[in-house]
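Text of protein_32.cif, listed as mmCIF, C-alpha atoms and all ligand atoms:
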data_input
loop_
_atom_site.label_atom_id
_atom_site.label_comp_id
_atom_site.auth_asym_id
_atom_site.auth_seq_id
_atom_site.Cartn_x
_atom_site.Cartn_y
_atom_site.Cartn_z
CA ASN A 33 0.00 0.00 0.00
CA HIS A 34 2.46 2.63 -1.20
CA ILE A 35 1.82 6.36 -1.17
CA VAL A 36 4.23 8.52 -3.15
CA ILE A 37 4.74 11.99 -1.62
CA GLY A 38 6.52 14.69 -3.66
CA GLY A 39 8.12 17.15 -1.22
CA GLY A 40 7.67 14.69 1.65
CA THR A 41 10.79 16.05 3.41
CA GLY A 42 9.28 19.52 4.00
CA PHE A 43 7.16 21.01 6.78
CA ILE A 44 3.80 19.83 5.39
CA GLY A 45 5.37 16.75 3.75
CA THR A 46 6.78 15.45 7.05
CA ALA A 47 3.37 15.83 8.69
CA LEU A 48 1.83 13.90 5.78
CA VAL A 49 4.42 11.11 5.99
CA ASN A 50 3.69 10.66 9.71
CA ALA A 51 -0.07 10.85 9.28
CA PHE A 52 -0.12 8.31 6.43
CA LYS A 53 2.24 5.93 8.29
CA GLN A 54 -0.24 5.95 11.18
CA ARG A 55 -2.97 4.95 8.74
CA GLY A 56 -0.92 1.94 7.59
CA PHE A 57 0.47 3.37 4.35
CA CYS A 58 4.08 2.93 3.32
CA PRO A 59 5.24 6.39 2.15
CA ILE A 60 7.87 6.84 -0.53
CA ILE A 61 9.24 10.39 -0.73
CA ILE A 62 10.34 12.15 -3.89
CA SER A 63 13.23 14.43 -2.93
CA ARG A 64 16.31 16.06 -4.45
CA MET A 65 18.34 14.37 -1.66
CA PRO A 66 18.82 10.59 -1.64
CA GLY A 67 17.85 8.47 1.36
CA PRO A 68 15.93 5.36 2.48
CA PHE A 69 12.37 5.15 1.12
CA ARG A 70 13.16 7.99 -1.27
CA MET A 71 13.36 8.47 -5.00
CA SER A 72 14.50 11.46 -7.08
CA TRP A 73 12.44 13.42 -9.62
CA HIS A 74 14.77 11.96 -12.22
CA ASP A 75 13.96 8.40 -11.03
CA LEU A 76 10.28 9.25 -11.39
CA GLU A 77 10.76 10.55 -14.93
CA ARG A 78 12.82 7.51 -15.93
CA ASP A 79 11.06 4.65 -14.10
CA GLY A 80 7.60 6.00 -13.31
CA LEU A 81 5.75 5.26 -10.07
CA PRO A 82 6.89 2.38 -7.84
CA LYS A 83 4.89 -0.87 -8.09
CA ASN A 84 1.74 -1.07 -5.91
CA THR A 85 1.37 2.70 -5.63
CA THR A 86 -2.23 3.35 -4.61
CA ALA A 87 -2.00 7.10 -3.88
CA VAL A 88 0.12 10.00 -5.12
CA VAL A 89 0.45 13.37 -3.39
CA ASN A 90 2.47 16.48 -4.26
CA VAL A 91 3.51 19.12 -1.71
CA ALA A 92 6.87 20.11 -3.25
CA GLY A 93 7.77 23.75 -3.72
CA GLN A 94 10.70 26.07 -3.12
CA ASN A 95 10.04 28.29 -0.05
CA ILE A 96 8.67 31.60 -1.38
CA LEU A 97 9.51 33.58 1.77
CA ASP A 98 13.10 32.36 2.10
CA PRO A 99 14.75 35.56 3.43
CA THR A 100 18.16 34.53 2.02
CA GLN A 101 16.85 34.56 -1.56
CA ARG A 102 16.44 37.78 -3.54
CA TRP A 103 13.30 38.13 -5.68
CA THR A 104 15.13 37.68 -8.99
CA PRO A 105 13.80 36.23 -12.27
CA GLY A 106 15.88 33.11 -11.54
CA PHE A 107 14.38 32.64 -8.09
CA LYS A 108 10.86 33.23 -9.44
CA GLN A 109 11.53 30.54 -12.03
CA ASN A 110 12.57 28.14 -9.24
CA ILE A 111 9.37 28.98 -7.33
CA TRP A 112 7.39 28.23 -10.48
CA ASN A 113 9.17 25.08 -11.69
CA SER A 114 9.40 23.44 -8.26
CA ARG A 115 5.58 23.46 -8.20
CA VAL A 116 4.37 23.35 -11.80
CA GLU A 117 7.01 21.04 -13.29
CA THR A 118 6.97 18.57 -10.36
CA THR A 119 3.18 18.41 -10.55
CA LYS A 120 3.33 17.86 -14.34
CA LEU A 121 5.86 15.06 -13.90
CA LEU A 122 3.60 13.37 -11.37
CA ALA A 123 0.51 13.81 -13.55
CA ARG A 124 2.41 12.10 -16.39
CA ALA A 125 3.50 9.24 -14.11
CA VAL A 126 -0.08 8.88 -12.80
CA THR A 127 -1.38 8.72 -16.38
CA ALA A 128 1.16 6.03 -17.32
CA CYS A 129 0.48 3.85 -14.29
CA PRO A 130 -2.77 4.93 -12.61
CA PRO A 131 -3.05 4.75 -8.80
CA LYS A 132 -6.46 5.08 -7.11
CA VAL A 133 -6.07 8.72 -6.11
CA PHE A 134 -3.97 11.81 -6.96
CA VAL A 135 -3.94 14.80 -4.56
CA THR A 136 -1.96 18.01 -5.03
CA ILE A 137 -1.59 21.24 -3.09
CA SER A 138 -2.17 24.81 -4.28
CA GLY A 139 -2.64 28.11 -2.48
CA VAL A 140 -5.42 30.50 -1.46
CA ALA A 141 -3.69 33.17 -3.59
CA TYR A 142 -6.02 31.66 -6.22
CA TYR A 143 -8.68 34.01 -4.70
CA PRO A 144 -8.44 37.82 -4.90
CA PRO A 145 -7.69 39.77 -1.69
CA ASP A 146 -10.90 41.79 -1.58
CA GLU A 147 -13.91 42.16 0.71
CA LYS A 148 -15.80 39.18 -0.73
CA GLU A 149 -15.86 35.72 0.83
CA TYR A 150 -14.75 32.94 -1.49
CA ASN A 151 -15.42 29.21 -1.40
CA GLU A 152 -14.35 26.30 -3.61
CA GLU A 153 -17.10 27.05 -6.12
CA SER A 154 -15.91 30.62 -6.79
CA ILE A 155 -14.36 31.02 -10.23
CA CYS A 156 -11.55 33.57 -10.16
CA ASN A 157 -9.31 35.23 -12.70
CA LYS A 158 -5.57 35.54 -12.43
CA TYR A 159 -4.53 38.94 -11.06
CA ASP A 160 -0.82 38.75 -10.18
CA PHE A 161 2.23 36.46 -10.15
CA LEU A 162 1.07 34.29 -7.25
CA SER A 163 -2.47 33.87 -8.57
CA GLU A 164 -1.09 32.94 -11.99
CA LEU A 165 1.13 30.43 -10.24
CA CYS A 166 -1.87 28.85 -8.46
CA HIS A 167 -3.82 28.56 -11.73
CA GLU A 168 -0.89 26.93 -13.57
CA TRP A 169 -0.09 24.68 -10.60
CA GLU A 170 -3.67 23.39 -10.62
CA ASP A 171 -3.72 23.04 -14.42
CA ALA A 172 -0.47 21.05 -14.22
CA ALA A 173 -2.30 18.37 -12.21
CA LYS A 174 -4.94 17.79 -14.93
CA LEU A 175 -5.33 14.18 -16.02
CA PRO A 176 -6.85 12.81 -19.23
CA LYS A 177 -10.68 12.75 -18.90
CA ASP A 178 -11.08 9.02 -19.43
CA LEU A 179 -8.49 8.07 -16.78
CA ASN A 180 -10.04 6.27 -13.82
CA VAL A 181 -8.17 8.14 -11.07
CA ARG A 182 -9.90 10.09 -8.30
CA GLN A 183 -8.41 13.54 -8.05
CA ALA A 184 -8.37 16.42 -5.53
CA ILE A 185 -6.60 19.75 -5.09
CA ILE A 186 -6.17 21.33 -1.64
CA ARG A 187 -5.91 25.14 -1.74
CA SER A 188 -4.04 25.78 1.48
CA GLY A 189 -3.97 28.85 3.69
CA VAL A 190 -1.02 29.73 5.96
CA VAL A 191 -0.14 26.49 7.75
CA LEU A 192 0.49 26.98 11.48
CA GLY A 193 2.90 24.60 13.25
CA ARG A 194 6.07 24.84 15.29
CA THR A 195 8.42 23.11 12.86
CA GLY A 196 8.03 25.20 9.70
CA GLY A 197 6.23 27.79 7.65
CA MET A 198 5.34 31.18 9.09
CA ILE A 199 5.47 30.29 12.81
CA LYS A 200 9.06 29.08 12.52
CA GLN A 201 10.04 32.51 11.17
CA ILE A 202 8.14 34.63 13.70
CA PHE A 203 8.48 32.48 16.83
CA ILE A 204 11.63 34.13 18.25
CA PRO A 205 10.54 37.76 17.73
CA PHE A 206 7.15 36.98 19.30
CA TYR A 207 8.79 35.00 22.12
CA VAL A 208 10.98 37.96 23.11
CA GLY A 209 8.00 40.31 22.96
CA LEU A 210 8.89 41.98 19.66
CA GLY A 211 5.93 40.63 17.69
CA GLY A 212 3.18 42.68 16.16
CA PRO A 213 0.65 42.92 13.36
CA ILE A 214 1.69 43.39 9.75
CA GLY A 215 0.77 46.84 8.47
CA SER A 216 -2.72 47.77 9.66
CA GLY A 217 -3.37 44.13 10.62
CA LYS A 218 -6.83 44.43 9.06
CA GLN A 219 -6.07 42.06 6.17
CA PRO A 220 -7.65 38.60 6.48
CA MET A 221 -5.27 35.76 7.22
CA PRO A 222 -6.54 32.42 5.91
CA TRP A 223 -4.91 29.83 8.20
CA ILE A 224 -4.99 26.15 9.20
CA HIS A 225 -3.25 24.06 11.87
CA ILE A 226 -0.65 21.61 10.53
CA ASP A 227 -2.53 18.59 12.00
CA ASP A 228 -5.73 19.65 10.26
CA ILE A 229 -4.14 20.12 6.83
CA ALA A 230 -2.51 16.68 7.19
CA ASN A 231 -5.86 15.17 8.19
CA ILE A 232 -7.60 16.80 5.21
CA PHE A 233 -5.10 15.04 2.91
CA VAL A 234 -5.69 11.73 4.73
CA ASN A 235 -9.46 12.20 4.50
CA VAL A 236 -9.31 12.93 0.78
CA VAL A 237 -7.04 9.96 0.08
CA GLU A 238 -9.12 7.50 2.13
CA ASN A 239 -12.63 8.69 1.33
CA ASP A 240 -13.68 7.23 -2.01
CA ASN A 241 -16.58 9.66 -2.31
CA VAL A 242 -14.66 12.94 -2.40
CA SER A 243 -12.91 14.68 -5.27
CA GLY A 244 -12.35 18.16 -6.66
CA ILE A 245 -11.22 21.37 -4.96
CA PHE A 246 -10.98 21.71 -1.16
CA ASN A 247 -10.00 24.88 0.68
CA GLY A 248 -7.35 23.92 3.24
CA VAL A 249 -8.32 26.60 5.74
CA ALA A 250 -9.94 26.66 9.17
CA PRO A 251 -13.64 27.55 9.42
CA GLN A 252 -12.86 30.68 11.49
CA VAL A 253 -11.87 33.67 9.33
CA VAL A 254 -9.48 35.99 11.21
CA THR A 255 -7.50 39.13 10.42
CA ASN A 256 -3.73 39.36 10.78
CA LYS A 257 -4.27 41.44 13.96
CA GLU A 258 -6.56 38.78 15.47
CA PHE A 259 -3.97 36.10 14.74
CA THR A 260 -1.22 38.30 16.23
CA ASP A 261 -3.21 38.82 19.44
CA ALA A 262 -4.06 35.11 19.75
CA PHE A 263 -0.46 33.99 19.22
CA ALA A 264 1.02 36.63 21.55
CA SER A 265 -1.46 35.83 24.31
CA ALA A 266 -0.79 32.08 23.95
CA LEU A 267 2.89 32.92 24.54
CA TRP A 268 2.01 35.36 27.38
CA ARG A 269 3.84 38.14 25.53
CA PRO A 270 2.85 41.60 24.30
CA ALA A 271 2.71 42.10 20.52
CA LYS A 272 2.47 45.81 20.09
CA ILE A 273 5.21 46.52 17.55
CA PRO A 274 3.67 46.63 14.07
CA VAL A 275 5.78 45.61 11.09
CA PRO A 276 5.45 48.43 8.53
CA GLU A 277 4.47 47.37 5.04
CA PHE A 278 7.27 49.40 3.47
CA ALA A 279 9.88 47.48 5.50
CA LEU A 280 8.53 44.14 4.24
CA ALA A 281 8.42 45.49 0.69
CA LEU A 282 12.05 46.56 1.04
CA ALA A 283 13.18 43.24 2.49
CA PHE A 284 11.08 40.94 0.32
CA ASN A 285 10.00 42.96 -2.74
CA ARG A 286 6.39 44.15 -2.90
CA GLU A 287 5.28 41.29 -5.16
CA ARG A 288 6.08 38.60 -2.60
CA ALA A 289 5.49 40.73 0.51
CA LYS A 290 1.82 40.58 -0.60
CA ILE A 291 1.60 37.11 0.95
CA MET A 292 1.85 38.90 4.30
CA THR A 293 0.38 42.34 3.60
CA GLU A 294 -2.76 41.13 1.78
CA GLY A 295 -5.13 38.27 2.50
CA GLN A 296 -8.22 36.53 1.20
CA LYS A 297 -11.48 35.66 2.97
CA VAL A 298 -11.68 31.94 2.29
CA ILE A 299 -14.42 29.55 3.49
CA PRO A 300 -13.84 25.76 3.54
CA LYS A 301 -17.39 25.04 2.32
CA ARG A 302 -16.70 21.70 0.65
CA VAL A 303 -14.41 20.52 3.46
CA LEU A 304 -17.24 21.07 5.98
CA GLU A 305 -19.78 19.47 3.63
CA SER A 306 -17.56 16.39 3.39
CA GLY A 307 -18.07 15.94 7.15
CA PHE A 308 -14.45 16.72 8.06
CA LYS A 309 -13.93 17.41 11.78
CA TYR A 310 -11.28 20.03 12.60
CA LYS A 311 -9.05 19.42 15.64
CA TYR A 312 -8.29 23.17 15.77
CA PRO A 313 -11.32 25.08 14.43
CA THR A 314 -10.43 28.37 16.18
CA ILE A 315 -7.28 30.46 16.17
CA ASP A 316 -7.10 30.39 20.00
CA LEU A 317 -7.06 26.57 20.07
CA ALA A 318 -4.42 26.46 17.32
CA CYS A 319 -2.16 29.09 18.93
CA ASN A 320 -2.43 27.50 22.38
CA ASP A 321 -1.29 24.20 20.90
CA ILE A 322 1.61 25.78 19.00
CA ALA A 323 2.80 27.77 22.03
CA LYS A 324 3.08 24.55 24.15
CA TRP A 325 6.61 23.21 24.64
P1 LIG B 401 8.98 23.37 2.81
O1 LIG B 401 9.91 24.43 2.33
O2 LIG B 401 9.05 22.96 4.24
O3 LIG B 401 9.15 22.05 1.92
C1 LIG B 401 9.19 22.14 0.55
C2 LIG B 401 9.50 20.81 -0.09
O4 LIG B 401 9.64 21.02 -1.47
C3 LIG B 401 10.75 20.18 0.43
O5 LIG B 401 10.40 18.91 0.86
C4 LIG B 401 11.71 20.14 -0.76
O6 LIG B 401 12.15 18.80 -0.95
C5 LIG B 401 10.85 20.47 -1.96
N1 LIG B 401 11.51 21.48 -2.79
C6 LIG B 401 11.99 22.69 -2.41
N2 LIG B 401 12.54 23.32 -3.45
C7 LIG B 401 12.42 22.48 -4.51
C8 LIG B 401 12.82 22.55 -5.87
N3 LIG B 401 13.46 23.65 -6.34
N4 LIG B 401 12.52 21.51 -6.68
C9 LIG B 401 11.89 20.41 -6.20
N5 LIG B 401 11.50 20.29 -4.92
C10 LIG B 401 11.76 21.31 -4.10
O7 LIG B 401 7.50 23.89 2.41
P2 LIG B 401 6.08 23.57 3.06
O8 LIG B 401 6.04 22.17 3.50
O9 LIG B 401 5.75 24.65 4.01
O10 LIG B 401 5.13 23.78 1.79
C11 LIG B 401 4.95 22.74 0.84
C12 LIG B 401 4.10 23.21 -0.31
O11 LIG B 401 2.86 23.68 0.19
C13 LIG B 401 4.72 24.35 -1.11
O12 LIG B 401 4.47 24.16 -2.47
C14 LIG B 401 3.97 25.56 -0.61
O13 LIG B 401 3.84 26.59 -1.58
C15 LIG B 401 2.60 24.97 -0.31
N6 LIG B 401 1.91 25.78 0.69
C16 LIG B 401 2.47 25.95 1.93
C17 LIG B 401 1.88 26.77 2.86
C18 LIG B 401 2.49 26.98 4.22
O14 LIG B 401 1.97 27.82 5.00
N7 LIG B 401 3.57 26.28 4.59
C19 LIG B 401 0.61 27.45 2.55
C20 LIG B 401 0.08 27.18 1.23
C21 LIG B 401 0.72 26.36 0.35
P3 LIG B 401 13.71 18.34 -1.07
O15 LIG B 401 14.55 19.45 -0.49
O16 LIG B 401 13.75 17.09 -0.26
O17 LIG B 401 13.91 18.10 -2.51
#

As structure tokens - that is how I would like this structure written.
Ligand code: NDP
Amino acid sequence: NHIVIGGGTGFIGTALVNAFKQRGFCPIIISRMPGPFRMSWHDLERDGLPKNTTAVVNVAGQNILDPTQRWTPGFKQNIWNSRVETTKLLARAVTACPPKVFVTISGVAYYPPDEKEYNEESICNKYDFLSELCHEWEDAAKLPKDLNVRQAIIRSGVVLGRTGGMIKQIFIPFYVGLGGPIGSGKQPMPWIHIDDIANIFVNVVENDNVSGIFNGVAPQVVTNKEFTDAFASALWRPAKIPVPEFALALAFNRERAKIMTEGQKVIPKRVLESGFKYKYPTIDLACNDIAKW
């Protein structure tokens, strides 16, 4: 019962590997680094999927907010290819040797950052680099119509967990009392706890009746300021020092600083309809868990 996980070494990938092992799957990771129970993207291209693969998942992608990387055309190309090309390679391998189910990740930057609330049924146009990326990333996963493979795409919000993503970057400043909202803090911040996003993947892989788009966000919509207050109070620290937008734009370039300075109101309508039970439905529950040692 093999599950192949592209990007299985990362923050979300590691959570998926652990969650699927607990459910009795034998995960095989696709990584650029060799190791036990791993294969490379080149192996995949040359040999296809391992025998007895029943599920294929992709959560690979170069870290967009890596502060050591400048926002150059080369880096943007890496951001793009590490998502779109890996997903295309997997879609080709899935077509050649069909498993039961194929699940890939995408982002809530698919939706525009305006006043409206969006759910999985909203059809949206591309409006900037990141939204174009989400569209192409999702298109890259397309399979031939007559192929008998169940397929789902999880559009994820900011994933909250101690070992990676945003929390890993802001933990120390918040811990020493130097945290604060980003800009006005009024922008929505679509979020989800790491355990819940992993469980959504498990649910989609195991539940034969679900397919299509799922918003990987918690049911509670919060603003950046509300998140900041919840996280600071879980750590028993003040968080009064706002991070000015211009400083983020200087450090990260305006185009990618948008991930932090703008946000979308995203509702997980289809996730709730599928009967999924969140372990951390509110930001207070999630932050209290993350702040625990
Ligand atoms: P990590 O940076 O922790 O992990 C990324 C994974 O992608 C690694 O396992 C790495 O594998 C692989 N990877 C990195 N660069 C490349 C590359 N150039 N080519 C091929 N593979 C590469 O990220 P997360 O786990 O946080 O995120 C995983 C995916 O989920 C990303 O695509 C991200 O955009 C998406 N996502 C994440 C959110 C979050 O809040 N964390 C929110 C929404 C979407 P290895 O080094 O082993 O090759």

_Can you work out which residues are within 9 Å of ligand LIG 401 (chain B), considering only C-alpha atoms and all ligand atoms, and then hand them over as a PyMOL selection string?_
chain A and resi 38-47+61-66+72-73+90-96+98+110-115+117-118+137-141+186-193+195-199+223-224+226+248

Using the selection just defined, write its residues with C-alpha atoms as a PDB file, in the frame of the given file.
ATOM      1  CA  GLY A  38       6.520  14.690  -3.660  1.00  0.00           C
ATOM      2  CA  GLY A  39       8.120  17.150  -1.220  1.00  0.00           C
ATOM      3  CA  GLY A  40       7.670  14.690   1.650  1.00  0.00           C
ATOM      4  CA  THR A  41      10.790  16.050   3.410  1.00  0.00           C
ATOM      5  CA  GLY A  42       9.280  19.520   4.000  1.00  0.00           C
ATOM      6  CA  PHE A  43       7.160  21.010   6.780  1.00  0.00           C
ATOM      7  CA  ILE A  44       3.800  19.830   5.390  1.00  0.00           C
ATOM      8  CA  GLY A  45       5.370  16.750   3.750  1.00  0.00           C
ATOM      9  CA  THR A  46       6.780  15.450   7.050  1.00  0.00           C
ATOM     10  CA  ALA A  47       3.370  15.830   8.690  1.00  0.00           C
ATOM     11  CA  ILE A  61       9.240  10.390  -0.730  1.00  0.00           C
ATOM     12  CA  ILE A  62      10.340  12.150  -3.890  1.00  0.00           C
ATOM     13  CA  SER A  63      13.230  14.430  -2.930  1.00  0.00           C
ATOM     14  CA  ARG A  64      16.310  16.060  -4.450  1.00  0.00           C
ATOM     15  CA  MET A  65      18.340  14.370  -1.660  1.00  0.00           C
ATOM     16  CA  PRO A  66      18.820  10.590  -1.640  1.00  0.00           C
ATOM     17  CA  SER A  72      14.500  11.460  -7.080  1.00  0.00           C
ATOM     18  CA  TRP A  73      12.440  13.420  -9.620  1.00  0.00           C
ATOM     19  CA  ASN A  90       2.470  16.480  -4.260  1.00  0.00           C
ATOM     20  CA  VAL A  91       3.510  19.120  -1.710  1.00  0.00           C
ATOM     21  CA  ALA A  92       6.870  20.110  -3.250  1.00  0.00           C
ATOM     22  CA  GLY A  93       7.770  23.750  -3.720  1.00  0.00           C
ATOM     23  CA  GLN A  94      10.700  26.070  -3.120  1.00  0.00           C
ATOM     24  CA  ASN A  95      10.040  28.290  -0.050  1.00  0.00           C
ATOM     25  CA  ILE A  96       8.670  31.600  -1.380  1.00  0.00           C
ATOM     26  CA  ASP A  98      13.100  32.360   2.100  1.00  0.00           C
ATOM     27  CA  ASN A 110      12.570  28.140  -9.240  1.00  0.00           C
ATOM     28  CA  ILE A 111       9.370  28.980  -7.330  1.00  0.00           C
ATOM     29  CA  TRP A 112       7.390  28.230 -10.480  1.00  0.00           C
ATOM     30  CA  ASN A 113       9.170  25.080 -11.690  1.00  0.00           C
ATOM     31  CA  SER A 114       9.400  23.440  -8.260  1.00  0.00           C
ATOM     32  CA  ARG A 115       5.580  23.460  -8.200  1.00  0.00           C
ATOM     33  CA  GLU A 117       7.010  21.040 -13.290  1.00  0.00           C
ATOM     34  CA  THR A 118       6.970  18.570 -10.360  1.00  0.00           C
ATOM     35  CA  ILE A 137      -1.590  21.240  -3.090  1.00  0.00           C
ATOM     36  CA  SER A 138      -2.170  24.810  -4.280  1.00  0.00           C
ATOM     37  CA  GLY A 139      -2.640  28.110  -2.480  1.00  0.00           C
ATOM     38  CA  VAL A 140      -5.420  30.500  -1.460  1.00  0.00           C
ATOM     39  CA  ALA A 141      -3.690  33.170  -3.590  1.00  0.00           C
ATOM     40  CA  ILE A 186      -6.170  21.330  -1.640  1.00  0.00           C
ATOM     41  CA  ARG A 187      -5.910  25.140  -1.740  1.00  0.00           C
ATOM     42  CA  SER A 188      -4.040  25.780   1.480  1.00  0.00           C
ATOM     43  CA  GLY A 189      -3.970  28.850   3.690  1.00  0.00           C
ATOM     44  CA  VAL A 190      -1.020  29.730   5.960  1.00  0.00           C
ATOM     45  CA  VAL A 191      -0.140  26.490   7.750  1.00  0.00           C
ATOM     46  CA  LEU A 192       0.490  26.980  11.480  1.00  0.00           C
ATOM     47  CA  GLY A 193       2.900  24.600  13.250  1.00  0.00           C
ATOM     48  CA  THR A 195       8.420  23.110  12.860  1.00  0.00           C
ATOM     49  CA  GLY A 196       8.030  25.200   9.700  1.00  0.00           C
ATOM     50  CA  GLY A 197       6.230  27.790   7.650  1.00  0.00           C
ATOM     51  CA  MET A 198       5.340  31.180   9.090  1.00  0.00           C
ATOM     52  CA  ILE A 199       5.470  30.290  12.810  1.00  0.00           C
ATOM     53  CA  TRP A 223      -4.910  29.830   8.200  1.00  0.00           C
ATOM     54  CA  ILE A 224      -4.990  26.150   9.200  1.00  0.00           C
ATOM     55  CA  ILE A 226      -0.650  21.610  10.530  1.00  0.00           C
ATOM     56  CA  GLY A 248      -7.350  23.920   3.240  1.00  0.00           C
TER      57      GLY A 248
END

*Please provide as a list in words all residues within 9 Å of A:Ile315, with the sequence filter that same-chain residues fewer than 5 positions apart are discarded (counting all atoms listed in the file).*
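Answer for this query is Trp223, Ile224, His225, Ala250, Gln252, Val253, Val254, Glu258, Phe259, Ala262, Phe263 and Asn320 of chain A.
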
*One decimal, Å: what's the distance from atom CA of A:Asn231 over to atom CA of A:Lys83, could you say?*
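These atoms are spaced 25.3 Å apart.
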
*Neighbour list for stretch 147-164 of chain A as a ChimeraX atom specification, cut-off 7 Å, all atoms listed in the file, skip fewer than 2 positions in-chain*: /A:141-143,166-168,245-247,297-302

*Computed interatomic separation between atom CA of A:Ala323 and atom CA of A:Ala271 (Å)*: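 Interatomic distance here is 14.4 Å.
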
*asked:* Which residues are close to A:Val236, i.e. within 8 Å by all atoms listed in the file, leaving aside same-chain residues fewer than 4 positions away? Reply as a list in words.
replied: Val135, Ala184, Ile232, Asp240, Val242 and Ser243 of chain A

*Starting from the point (5.4, 42.5, 9.9), work out which residues of protein, DNA or RNA have an atom no more than 6 Å away when counting only C-alpha atoms; state them as a ChimeraX atom specification.*
/A:213-214,275

Would you mind exporting the chosen residues as a tab-separated table (two decimals), in the frame of the given file, restricted to C-alpha atoms?
chain	number	residue	atom	x	y	z
A	213	PRO	CA	0.65	42.92	13.36
A	214	ILE	CA	1.69	43.39	9.75
A	275	VAL	CA	5.78	45.61	11.09

*Between atom CA of A:Asn256 and atom CA of A:Glu277 - distance in Å to one decimal*: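 Atom-to-atom, atom CA of A:Glu277 to atom CA of A:Asn256, that is 12.8 Å.
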
_Considering only C-alpha atoms, can you say which of A:Leu267, A:Cys319, A:Ile185, A:Ala123 comes closest to A:Val303?_
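Closest to A:Val303 of all the choices is A:Ile185.
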
With 6 Å as the cut-off and all atoms listed in the file counted, what is the closest atom pair between each nearby residue of stretch 145-243 of chain A and stretch 129-134 of chain A? Distances in Å to one decimal, ordered by chain and number, as JSON lines.
{"residue": "A:Val181", "atom": "CA", "partner": "A:Lys132", "partner_atom": "CA", "distance": 5.3}
{"residue": "A:Arg182", "atom": "CA", "partner": "A:Val133", "partner_atom": "CA", "distance": 4.6}
{"residue": "A:Gln183", "atom": "CA", "partner": "A:Phe134", "partner_atom": "CA", "distance": 4.9}

*For A:Arg194, which residue among A:Arg286, A:Arg102, A:Lys324, A:Arg78 is the nearest when counting all atoms listed in the file?*
A:Lys324

*For each of A:Lys290, A:Thr314, A:Asp321, A:Phe284, take the minimum atom-to-atom distance to A:Thr100, counting all atoms listed in the file, then give the residue where this is smallest.*
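Using all atoms listed in the file, the shortest distance to A:Thr100 belongs to A:Phe284.
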
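Of the residues listed (A:Val234, A:Asp228, A:Lys120, A:Tyr207), A:Val234 shows the shortest atom-to-atom separation from A:Lys53; distances use all atoms listed in the file.
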
*Tell me which of A:Arg124, A:Glu305, A:Pro205, A:Ala318 sits closest to A:Asp227, counting only C-alpha atoms.*
A:Ala318

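Distances from A:Thr127, A:Thr136, A:Asn33, A:Thr293 to A:Met221 were compared using only C-alpha atoms, and the smallest one belongs to A:Thr293.
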
Any chance you could work out the axis-aligned box around stretch 208-225 of chain A, listed atoms only, 3 Å on each side, giving centre and edge lengths in Å to one decimal, as lines of an AutoDock Vina configuration file?
center_x = 1.7
center_y = 35.9
center_z = 14.5
size_x = 24.6
size_y = 29.7
size_z = 23.2
